[in-house]
Amino acid sequence: MPEPLLEICNLTKMYEEQKILENINLKIVQGEVVVIVGPSGCGKSTLLRCINALEPIQKGEIKLDGEEIEAGRKNLAALREKIGMVFQNYELFPHLTVLDNLMLAPLKVQKRQKEEVRAEAMELLGRVGLSEKAGSYPRQLSGGQKQRVAIVRALCMHPEILLFDEVTAALDPEMVREVLDVMLDLAKQGRTMIIVTHEMQFAKAVADRIVFIDDGHIVEESSPETFFECPKSGRAKQFLNIFTFERV
Amino acid sequence: MEPNTFFSEEERGPRSTTKLEIFFSQSNGDRYLLRVDFPHDDVNFIHFNLYEPFRLYLEFIRFMPQLVLLFIVYFGSTRALGWDLSGEAASVIVFVLWGTAEMGDLVRSAFISIPKHQYESSEVLGLTKGQTYQYIIIPQTLRRLLPLSINLITRMIKTTSLVLMIGVVEMLKVAQQIIEANRMASPNAAFGVFLVVFILYFFACWPISLLARYLEKKWR
């Protein structure tokens with residue numbers, strides 16, 4: 001087994017006295033796509049936020065490339081450059097054009113050349129079919145377009161790993177597809193990704209591995225085939241049943 | 001004073017530095033505080049929370065009619081403290097106190113109206129705290145502040161007419177004097193004179209509102 005890119009050991013996260021995540025162990029290797037599923041409030045989003053040190057953790061450690069990620073550390077910004085994250089709510093910067101949204105961090109954080117960044121941003125925009133929106137403001141875009149721009153913004157930083165936190169949850173059904181297609185495309189390119197989603201069909205298609213979390217614990221970790229066809233745990237069966245309907 | 005639980009050792013910086021910091025806290029909603037840290041022998045950091053005094057000041061100024069404030073400063077303070085204060089000076093003091101309080105409150109409300117995910121998405125892109133404020137938070141705050149502050153400024157310009165109540169000769173007073181002086185010669189001058197006053201006020205406020213409209217369009 002190759003050296004893991006991201007390694008989570010015994011992670012425990014608490015709010016006040018309440019345990020949100022307990023004893024999470026997860027290893028992700030280069031190029032792997034891991035989909036995290038589970039009922040609402042089970043801690044999936046919190047897990048992603050912990051990986052990016054948006055939430056302090058109480059126990060355990062998270063390592064990227066062997067370097068520990070921890071809130072308040074000096075090299076946190078440098079580590080965060082390697083982690084791209086896209087949230088559920090479109091969080092583009094509303095006062096900047098699409099192109100400026102994309103270029104801000106590469107220019108200010110990575111201090112790259114303007115021309116080079118612009119060329120790359122335009123190329124990536126073209127790949128998600130939004131070249132003509134470069135000069136638009138976020139409010140002029142649809143939800144799906146905003147999410148595609150948000151994905152491109154993360155890509156412009158050349159991250160080693162991408163985190164997607166229910167990126168399609170706030171979208172109209174028709175727009176879900178265009179965003180998921182972009183993510184499928186990224187998977188084909190061999191990007192390392194952790195995806196939290198409620199789109200089970202998509203999970204099945206994109207995942208190398210499914211991680212099922214319930215009540216702050218990893219209940220099941222298996223290949224998508226095994227997980228969707230014959231889940232090992234009763235809790236996962238119960239969860240998957242939510243998505244199928246009986247004929248009345 | 002409050003125990004300093006807000007900041008980790010690293011955020012506080014080295015102990016040898018004294019620093020003064022004003023910040024708007026996201027985590028506890030609407031309170032803002034002024035922080036003064038300096039090294040001390042036993043207590044590492046002294047932490048003043050000026051939230052309560054500021055709030056008291058703000059509420060007092062906001063609930064008081066401007067006229068009452070003028071009276072308090074002009075008649076009240078001169079009597080209580082026995083000093084000699086001109087009407088102009090009293091007006092300046094009142095308008096400074098009033099403007100500061102209201103403007104401060106507008107800035108605060110604009111600041112805390114920036115959603116938390118704007119901070120987070122900037123942070124996850126690797127921007128430092130300073131860069132986040134410089135490129136993301138402050139530009140958005142200014143945009144939100146614009147219509148509110150224009151409203152305040154025009155309101156303040158119009159309120160200057162109140163200072164005639166403490167004997168300051170301002171535009172309205174001069175207009176009255178003109179009318180009084182010419183009561184015999186042209187008894188119906190009042191309409192024309194007040195029309196001129198209206199136009200003058202209009203030209204004081206109009207450019208400001210034009211500028212605001214221009215900026216709003218440019219910054220949209």
# chains A, B, ... in the order shown; residues from 1 in each chain; ligands from 1

$ interface_residues --of "chain A" --to "chain B" --cutoff "10 Å" --atoms "only C-alpha atoms" --output "MDAnalysis selection string"
chainID A and resid 49 52:54 71:74 76:87 89:96 104:106 108:110 137 139 150 153:154 156:157 159

$ residues_around --residues "stretch 80-89 of chain B" --least-positions-apart "5" --cutoff "9 Å" --atoms "only C-alpha atoms" --output "list in words"
Leu70, Val73, Tyr74, Phe75, Val94, Val163, Leu164, Ile166, Gly167, Val168 and Val169 of chain B

$ closest_residue --among "A:Arg118, A:Thr192, A:Pro138, A:Ile151" --to "A:Pro4" --atoms "only C-alpha atoms"
A:Thr192

$ atom_distance --atom1 "atom CA of A:Gly43" --atom2 "atom CA of A:Gln189"
28.6 Å

$ residues_around --residues "stretch 212-214 of chain B" --least-positions-apart "4" --cutoff "12 Å" --atoms "only C-alpha atoms" --output "ChimeraX atom specification"
/B:142-151,153-154,205-208,218-220

$ residues_around --residues "B:Gln176" --least-positions-apart "3" --cutoff "9 Å" --atoms "only C-alpha atoms" --output "count of residues only"
9

$ atom_distance --atom1 "atom CA of A:Arg148" --atom2 "atom CA of A:Gln201"
19.7 Å

$ residues_around --residues "A:Thr226" --least-positions-apart "4" --cutoff "12 Å" --atoms "only C-alpha atoms" --output "PyMOL selection string"
chain A and resi 204+207-211+220-222+230-233+236-237

$ write_last_selection --atoms "C-alpha atoms" --output "PDB file, in the first residue's frame"
ATOM      1  CA  LYS A 204     -21.808   4.913  -6.723  1.00  0.00           C
ATOM      2  CA  ALA A 207     -16.304   6.579  -5.489  1.00  0.00           C
ATOM      3  CA  ASP A 208     -13.348   4.295  -5.061  1.00  0.00           C
ATOM      4  CA  ARG A 209     -14.429   3.831  -1.500  1.00  0.00           C
ATOM      5  CA  ILE A 210     -17.544   4.652   0.486  1.00  0.00           C
ATOM      6  CA  VAL A 211     -17.296   5.671   4.109  1.00  0.00           C
ATOM      7  CA  GLU A 220     -18.778   0.970   7.429  1.00  0.00           C
ATOM      8  CA  GLU A 221     -16.006   1.392   4.923  1.00  0.00           C
ATOM      9  CA  SER A 222     -16.241  -0.527   1.702  1.00  0.00           C
ATOM     10  CA  CYS A 230     -25.056  -5.694   0.263  1.00  0.00           C
ATOM     11  CA  PRO A 231     -24.111  -3.346   3.056  1.00  0.00           C
ATOM     12  CA  LYS A 232     -22.529  -5.095   5.994  1.00  0.00           C
ATOM     13  CA  SER A 233     -24.107  -3.143   8.813  1.00  0.00           C
ATOM     14  CA  ALA A 236     -26.290   1.259   6.526  1.00  0.00           C
ATOM     15  CA  LYS A 237     -29.118  -0.924   5.184  1.00  0.00           C
TER      16      LYS A 237
END

$ atom_distance --atom1 "atom CA of A:Thr46" --atom2 "atom CA of A:Phe212"
14.1 Å

$ closest_residue --among "A:Ser142, A:Ser40, A:Ser136, A:Asn23" --to "A:His198" --atoms "only C-alpha atoms"
A:Ser40

$ select_by_dssp --residues "stretch 37-180 of chain A" --states "helix (DSSP H, G or I)" --output "ChimeraX atom specification"
/A:44-51,76-81,98-108,114-127,131-133,138-140,143-155,173-180
